[in-house]
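Before any comments, here is the structure.
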Amino acid sequence: MTFQDQIKQGIPSELPSKKTYEKAINHAPKRIDVLSKEEKELAIRNALRYFDKKHHPVLAQEFAEELKEYGRIYMYRFRPDYKFYARPIKEYPGNSVQAKAIMHMIQNNLDEAVAQHPHELITYGGNGAVFQNWAQYLLTMKYLSEMNDEQTLIMYSGHPMGLFPSNTNAPRVVVTNGMMIPNYSKQNDWEKYNALGVTQYGQMTAGSYMYIGPQGIVHGTTITVLNAGRKIAKNGEPLAGKLFLTSGLGGMSGAQPKAGNIAGCITVCAEVNPKITEIRLSQGWIDEKITDLNELALRVKRAKENKEVVSIAFLGNIVEVWEKFAEQNVYVDLGSDQTSLHNPWAGGYYPAGISFEESNVMMVENPKLFKEKVKGSLRRQVAAINKHTAKGTYFFDYGNAFLLEASRAGADVMAENGIDFKYSSYVQDIMGPMCFDYGFGPFRWVCTSANPVDLEKTDAIACEVLEEIRKNSPKEIQQQMTDNIQWIKGAQENKLVVGSQARILYADAEGRVKIAEAFNNAIKNGEISAPIVLGRDHHDVSGTDSPYRETSNIYDGSKFTADMAIQNVIGDSFRGATWVSIHNGGGVGWGEVINGGFGMVLDGSLEAKKRLKSMLFWDVNNGIARRNWARNEGADFAIKRAMEVEPNLKVTLPNLVDDSILKDLF
Ligand SMILES: NC(=O)c1ccc[n+]([C@@H]2O[C@H](COP(=O)([O-])OP(=O)(O)OC[C@H]3O[C@@H](n4cnc5c(N)ncnc54)[C@H](O)[C@@H]3O)[C@@H](O)[C@H]2O)c1
């Protein structure tokens with residue numbers, strides 16, 4: 001059967017043959033057994049809803065096995081045999097260009113070269129799911145291949161509820177992931193309701209079909225490392241010869257060594273998982289791998305002497321590196337951590353002192369002991385980090401809930417006031433005040449032709465647009481503009497593409513609108529051969545409410561609210577987004593964040609031009625308005641500028657209060 005026929009078929013009426021569990025693939029860790037007997041029966045009953053009754057006897061047995069073996073029902077048997085990758089848009093069956101573009105994005109999120117656990121439909125972050133099971137995937141693709149532009153596909157946490165009549169201006173797909181009644185939003189609730197098959201953790205760009213491989217994060221990470229370097233520079237010197245120590249070579253963390261190379265420093269990145277380390281080596285995302293701590297220390301000393309720009313993977317536990325470098329007096333200039341501590345008990349963090357394999361068993365068979373090991377390891381890690389920072393290391397939290405979980409584990413991370421952490425997060429110090437408050441965020445696009453030539457053209461167009469804008473940019477954003485232009489100029493040479501022909505480029509509202517408009521024109525003129533999908537990471541100016549990350553530099557008390565993210569997705573949906581998504585969880589964990597995103601298909605039409613102008617302007621300025629109301633200086637500047645450009649924008653501005661007024665009030 002052709003690829004197109006398989007898509008159109010959806011869930012096959014006859015059972016495909018059983019699949020063997022491919023050992024070479026990086027599989028999701030076993031999930032803990034949380035369901036009671038009755039709940040397990042309910043999980044099976046839920047899973048069988050997708051299938052004809054005649055298959056129930058066979059599938060009930062099989063799904064019960066999967067639940068026992070893996071803690072979830074993935075329905076492995078139904079994983080299609082065709083190769084998953086972002087095929088040129090013309091290869092997808094269907095009646096709607098927009099729907100075909102969405103299929104292109106979904107396939108990319110499940111590509112074996114892109115996804116972290118492709119057979120479990122997990123794109124990144126250990127549990128960032130596109131779908132909960134293969135039946136949902138098959139049905140969704142079928143709906144997309146059937147739908148027209150007067151229908152909207154409704155996605156409930158990976159489950160396609162169905163096609164509903166709408167209108168041409170409505171989004172083609174509306175996605176919700178992990179939306180829970182707030183009281184049922186703890187980590188264990190995810191384990192339970194995900195095992196029941198009624199919700200999923202969509203991370204950010206996994207469940208919203210907007211992942212573009214580690215490139216998506218390389219740019220943000222480069223900006224972070226560069227600016228962290230500027231923070232520690234005594235005389236404006238570059239990062240050459242300085243050491244950045246961190247951990248994780250996974251979905252996002254894998255971008256760190258590449259970013260370190262682009263920023264021009266020595267990067268040491270510890271990773272416990274040998275498979276992932278090999279993947280990053282083979283992709284050229286790290287230069288060298290070392291497995292022995294003494295050898296590592298020597299290698300780093302040599303790299304420092306020679307001021308090498310090099311990235312080194314240490315196959316082992318990050319805790320041991322911090323300790324070794326303290327013992328051997330290896331000075332760490334910049335330090336961070338990108339283990340997946342938003343998911344601490346189920347494989348996000350591997351404790352020191354026990355092997356990777358032992359951990360994988362213990363987290364399932366003895367979760368209580370595993371939890372203690374994780375906590376102990378975090379205390380050890382922080383103790384070692386504190387020794388380095390006492391000597392001058394600049395350590396920052398990378399938005400992975402490191403400080404939060406370390407504090408919960410009783411590690412020595414609290415500031416003297418007992419409320420704040422000793423160290424800032426990268427958003428508090430860098431990303432928030434320097435980027436988000438001015439509207440700069442991870443704008444991205446994907447060429448659905450799948451043709452690298454188109455991507456090259458878009459890079460050139462975007463660069464030209466930014467250079468034009470920079471000519472009249474105010475001094476407040478000159479550094480940003482320069483960094484972003486440099487990024488896009490080096491993008492081709494840095495060979496960032498893994499998966500779809502995609503590009504990330506930090507830009508503000510003006511940049512995003514003008515670049516998108518130029519792309520739309522280029523499609524209209526035939527200069528670019530197929531539609532372009534615009535999008536962004538949820539980790540942006542307006543998309544995400546997350547008190548310890550994206551909104552950690554909001555100091556008016558509102559960082560624990562989620563109005564901005566909800567307003568954003570509603571606003572995007574009626575201003576022209578092709579699809580919208582809103583998630584509970586992502587990055588820092590379930591119940592800790594609400595985040596949303598969009599996808600927008602540009603097809604060269606006048607309609608697309610109207611949509612992009614209206615939606616992108618809102619999508620950035622919503623967050624700036626909120627950041628301004630929180631009295632953030634950069635946002636005050638940016639929103640006033642936006643109001644000058646757009647007379648229909650009228651934002652409520654805060655009056656600042658003198659400290660003296662508050663003195664002696666209570
Ligand atoms: N890169 C960014 O810009 C960014 C931004 C915000 C948040 N984050 C956060 O960073 C974290 C990592 O994201 P990811 O997508 O790379 O997750 P991931 O799960 O794909 O990768 C984390 C990696 O850390 C490794 N690891 C775990 N414990 C370790 C230990 N003790 N020592 C060495 N290696 C260990 C794991 O094996 C895994 O490969 C997440 O919590 C994410 O939300 C990243």
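By order of appearance in the structure tokens: chains A, B, ..., then residues from 1 within every chain, and ligands from 1 in the order shown.
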
For the contact check between stretch 586-651 of chain A and stretch 196-209 of chain A, emit one row per residue of stretch 586-651 of chain A within 8 Å, containing the shortest atom pair and the distance in Å rounded to one decimal, counting only C-alpha atoms, chain then rising number order, as JSON lines.
```
{"residue": "A:Gly586", "atom": "CA", "partner": "A:Gln203", "partner_atom": "CA", "distance": 3.7}
{"residue": "A:Gly587", "atom": "CA", "partner": "A:Gln203", "partner_atom": "CA", "distance": 6.3}
{"residue": "A:Trp590", "atom": "CA", "partner": "A:Tyr201", "partner_atom": "CA", "distance": 7.4}
{"residue": "A:Asn595", "atom": "CA", "partner": "A:Met204", "partner_atom": "CA", "distance": 6.9}
{"residue": "A:Gly596", "atom": "CA", "partner": "A:Met204", "partner_atom": "CA", "distance": 7.3}
{"residue": "A:Gly597", "atom": "CA", "partner": "A:Ser208", "partner_atom": "CA", "distance": 7.2}
{"residue": "A:Phe598", "atom": "CA", "partner": "A:Ser208", "partner_atom": "CA", "distance": 7.7}
```

Could you write those residues out with N, CA, C and O atoms, as an mmCIF file, in the first residue's frame?
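Heads up, here's the output in result09.cif:
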```
data_model
loop_
_atom_site.group_PDB
_atom_site.id
_atom_site.type_symbol
_atom_site.label_atom_id
_atom_site.label_comp_id
_atom_site.auth_asym_id
_atom_site.auth_seq_id
_atom_site.Cartn_x
_atom_site.Cartn_y
_atom_site.Cartn_z
ATOM 1 N N GLY A 586 5.324 21.392 30.559
ATOM 2 C CA GLY A 586 6.264 21.757 29.489
ATOM 3 C C GLY A 586 7.456 22.362 30.185
ATOM 4 O O GLY A 586 7.297 23.317 30.940
ATOM 5 N N GLY A 587 8.596 21.787 29.961
ATOM 6 C CA GLY A 587 9.810 22.365 30.543
ATOM 7 C C GLY A 587 9.944 22.107 32.028
ATOM 8 O O GLY A 587 10.737 21.288 32.438
ATOM 9 N N TRP A 590 4.446 19.332 34.993
ATOM 10 C CA TRP A 590 2.992 19.412 35.077
ATOM 11 C C TRP A 590 2.572 20.233 36.282
ATOM 12 O O TRP A 590 3.112 20.068 37.371
ATOM 13 N N ASN A 595 1.374 26.823 28.919
ATOM 14 C CA ASN A 595 2.068 27.394 27.756
ATOM 15 C C ASN A 595 1.332 27.071 26.472
ATOM 16 O O ASN A 595 0.675 26.044 26.354
ATOM 17 N N GLY A 596 1.470 27.987 25.521
ATOM 18 C CA GLY A 596 0.747 27.783 24.269
ATOM 19 C C GLY A 596 1.541 28.251 23.073
ATOM 20 O O GLY A 596 2.521 28.989 23.188
ATOM 21 N N GLY A 597 1.085 27.804 21.924
ATOM 22 C CA GLY A 597 1.761 28.189 20.700
ATOM 23 C C GLY A 597 0.816 28.163 19.520
ATOM 24 O O GLY A 597 -0.387 27.899 19.669
ATOM 25 N N PHE A 598 1.391 28.413 18.366
ATOM 26 C CA PHE A 598 0.578 28.438 17.150
ATOM 27 C C PHE A 598 1.398 27.939 15.979
ATOM 28 O O PHE A 598 2.628 27.860 16.047
#
```

Item to check | Nearby polymer residues, ligand 1, at most 8 Å, only C-alpha atoms and all ligand atoms, as a PyMOL selection string | outcome: chain A and resi 116+124-127+217-218+220-221+247-256+269-273+276+315-319+337-343+347-352+377+398-401+539+549+586-589

Item to check | Every residue of stretch 610-649 of chain A that DSSP places in helix (DSSP H, G or I), as a PyMOL selection string | outcome: chain A and resi 610-629+633-645

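With distances taken over only C-alpha atoms, A:Arg87 is the one residue among A:Arg87, A:Lys19, A:Lys192, A:His159 lying closest to A:Thr448.
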
Checklist entry - If you count only C-alpha atoms, which residues fall within 10 Å of A:Ile570, apart from same-chain ones fewer than 3 positions away, as a PyMOL selection string? => result chain A and resi 565-567+573-575+580-582+596

Checklist entry - Quick one: DSSP strand (DSSP E or B) residues in stretch 143-327 of chain A, as an MDAnalysis selection string? => result chainID A and resid 151:156 159:165 173:177 243:247 266:271 288:290 310:315

Next on the checklist: Show me, as number ranges by chain, the residues that have an atom within 12 Å of A:Thr458 when counting only C-alpha atoms, minus same-chain residues fewer than 4 positions from it.
Outcome noted: A: 444-447, 451-454, 462-465, 488-489, 491-492, 501-505, 515-523, 527-534

Using C-alpha atoms, can you export the residues from the last selection as a PDB file, in the first residue's frame?
```pdb
ATOM      1  CA  ARG A 444      10.778  30.018  13.467  1.00  0.00           C
ATOM      2  CA  TRP A 445       9.717  28.788  10.084  1.00  0.00           C
ATOM      3  CA  VAL A 446       9.618  25.534   8.155  1.00  0.00           C
ATOM      4  CA  CYS A 447       9.804  25.159   4.372  1.00  0.00           C
ATOM      5  CA  ASN A 451      13.928  21.590  -0.108  1.00  0.00           C
ATOM      6  CA  PRO A 452      17.144  23.026   1.386  1.00  0.00           C
ATOM      7  CA  VAL A 453      17.269  25.528  -1.471  1.00  0.00           C
ATOM      8  CA  ASP A 454      14.084  27.130  -0.169  1.00  0.00           C
ATOM      9  CA  ALA A 462      15.262  37.172   6.696  1.00  0.00           C
ATOM     10  CA  CYS A 463      18.784  38.530   6.898  1.00  0.00           C
ATOM     11  CA  GLU A 464      18.008  41.293   4.422  1.00  0.00           C
ATOM     12  CA  VAL A 465      14.866  42.267   6.361  1.00  0.00           C
ATOM     13  CA  ILE A 488      21.203  34.072  10.499  1.00  0.00           C
ATOM     14  CA  LYS A 489      24.358  34.796   8.512  1.00  0.00           C
ATOM     15  CA  ALA A 491      23.039  29.522  10.015  1.00  0.00           C
ATOM     16  CA  GLN A 492      23.903  27.709   6.782  1.00  0.00           C
ATOM     17  CA  GLN A 501      13.973  22.352   6.594  1.00  0.00           C
ATOM     18  CA  ALA A 502      13.507  24.739   9.465  1.00  0.00           C
ATOM     19  CA  ARG A 503      15.087  27.840  10.845  1.00  0.00           C
ATOM     20  CA  ILE A 504      14.886  29.606  14.175  1.00  0.00           C
ATOM     21  CA  LEU A 505      15.585  33.293  14.454  1.00  0.00           C
ATOM     22  CA  ILE A 515      10.071  38.636   7.687  1.00  0.00           C
ATOM     23  CA  ALA A 516       6.747  36.794   7.375  1.00  0.00           C
ATOM     24  CA  GLU A 517       5.467  39.344   4.893  1.00  0.00           C
ATOM     25  CA  ALA A 518       8.611  38.997   2.794  1.00  0.00           C
ATOM     26  CA  PHE A 519       8.222  35.184   2.809  1.00  0.00           C
ATOM     27  CA  ASN A 520       4.604  35.466   1.755  1.00  0.00           C
ATOM     28  CA  ASN A 521       5.633  37.681  -1.160  1.00  0.00           C
ATOM     29  CA  ALA A 522       8.391  35.277  -2.150  1.00  0.00           C
ATOM     30  CA  ILE A 523       5.881  32.399  -2.251  1.00  0.00           C
ATOM     31  CA  GLU A 527      10.720  32.467  -5.596  1.00  0.00           C
ATOM     32  CA  ILE A 528       9.944  29.941  -2.854  1.00  0.00           C
ATOM     33  CA  SER A 529       8.390  26.768  -4.152  1.00  0.00           C
ATOM     34  CA  ALA A 530       5.847  25.765  -1.483  1.00  0.00           C
ATOM     35  CA  PRO A 531       4.043  27.102   1.589  1.00  0.00           C
ATOM     36  CA  ILE A 532       5.977  28.045   4.700  1.00  0.00           C
ATOM     37  CA  VAL A 533       4.856  27.260   8.230  1.00  0.00           C
ATOM     38  CA  LEU A 534       5.500  30.001  10.767  1.00  0.00           C
TER      39      LEU A 534
END
```

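Atom CA of A:Leu281 sits 12.9 Å away from atom CA of A:Val310.
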
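The interatomic distance for the pair atom CA of A:Asn188 and atom CA of A:Trp345 works out to 10.0 Å.
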
Item to check | Shell around A:Gly158 at 12 Å using only C-alpha atoms, local window under 6 positions removed, as number ranges by chain | outcome: A: 106, 121-122, 128-141, 173-179, 194, 197-202, 206-209, 581, 583

Checklist entry - To one decimal place, how far is atom CA of A:Ala409 from atom CA of A:Met363 in Å? => result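 It comes out at 16.8 Å.
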
Item to check | Contacts of A:Gln151 at 6 Å (only C-alpha atoms; same-chain gap of 2+ positions) as a PyMOL selection string | outcome: chain A and resi 148-149+164-166
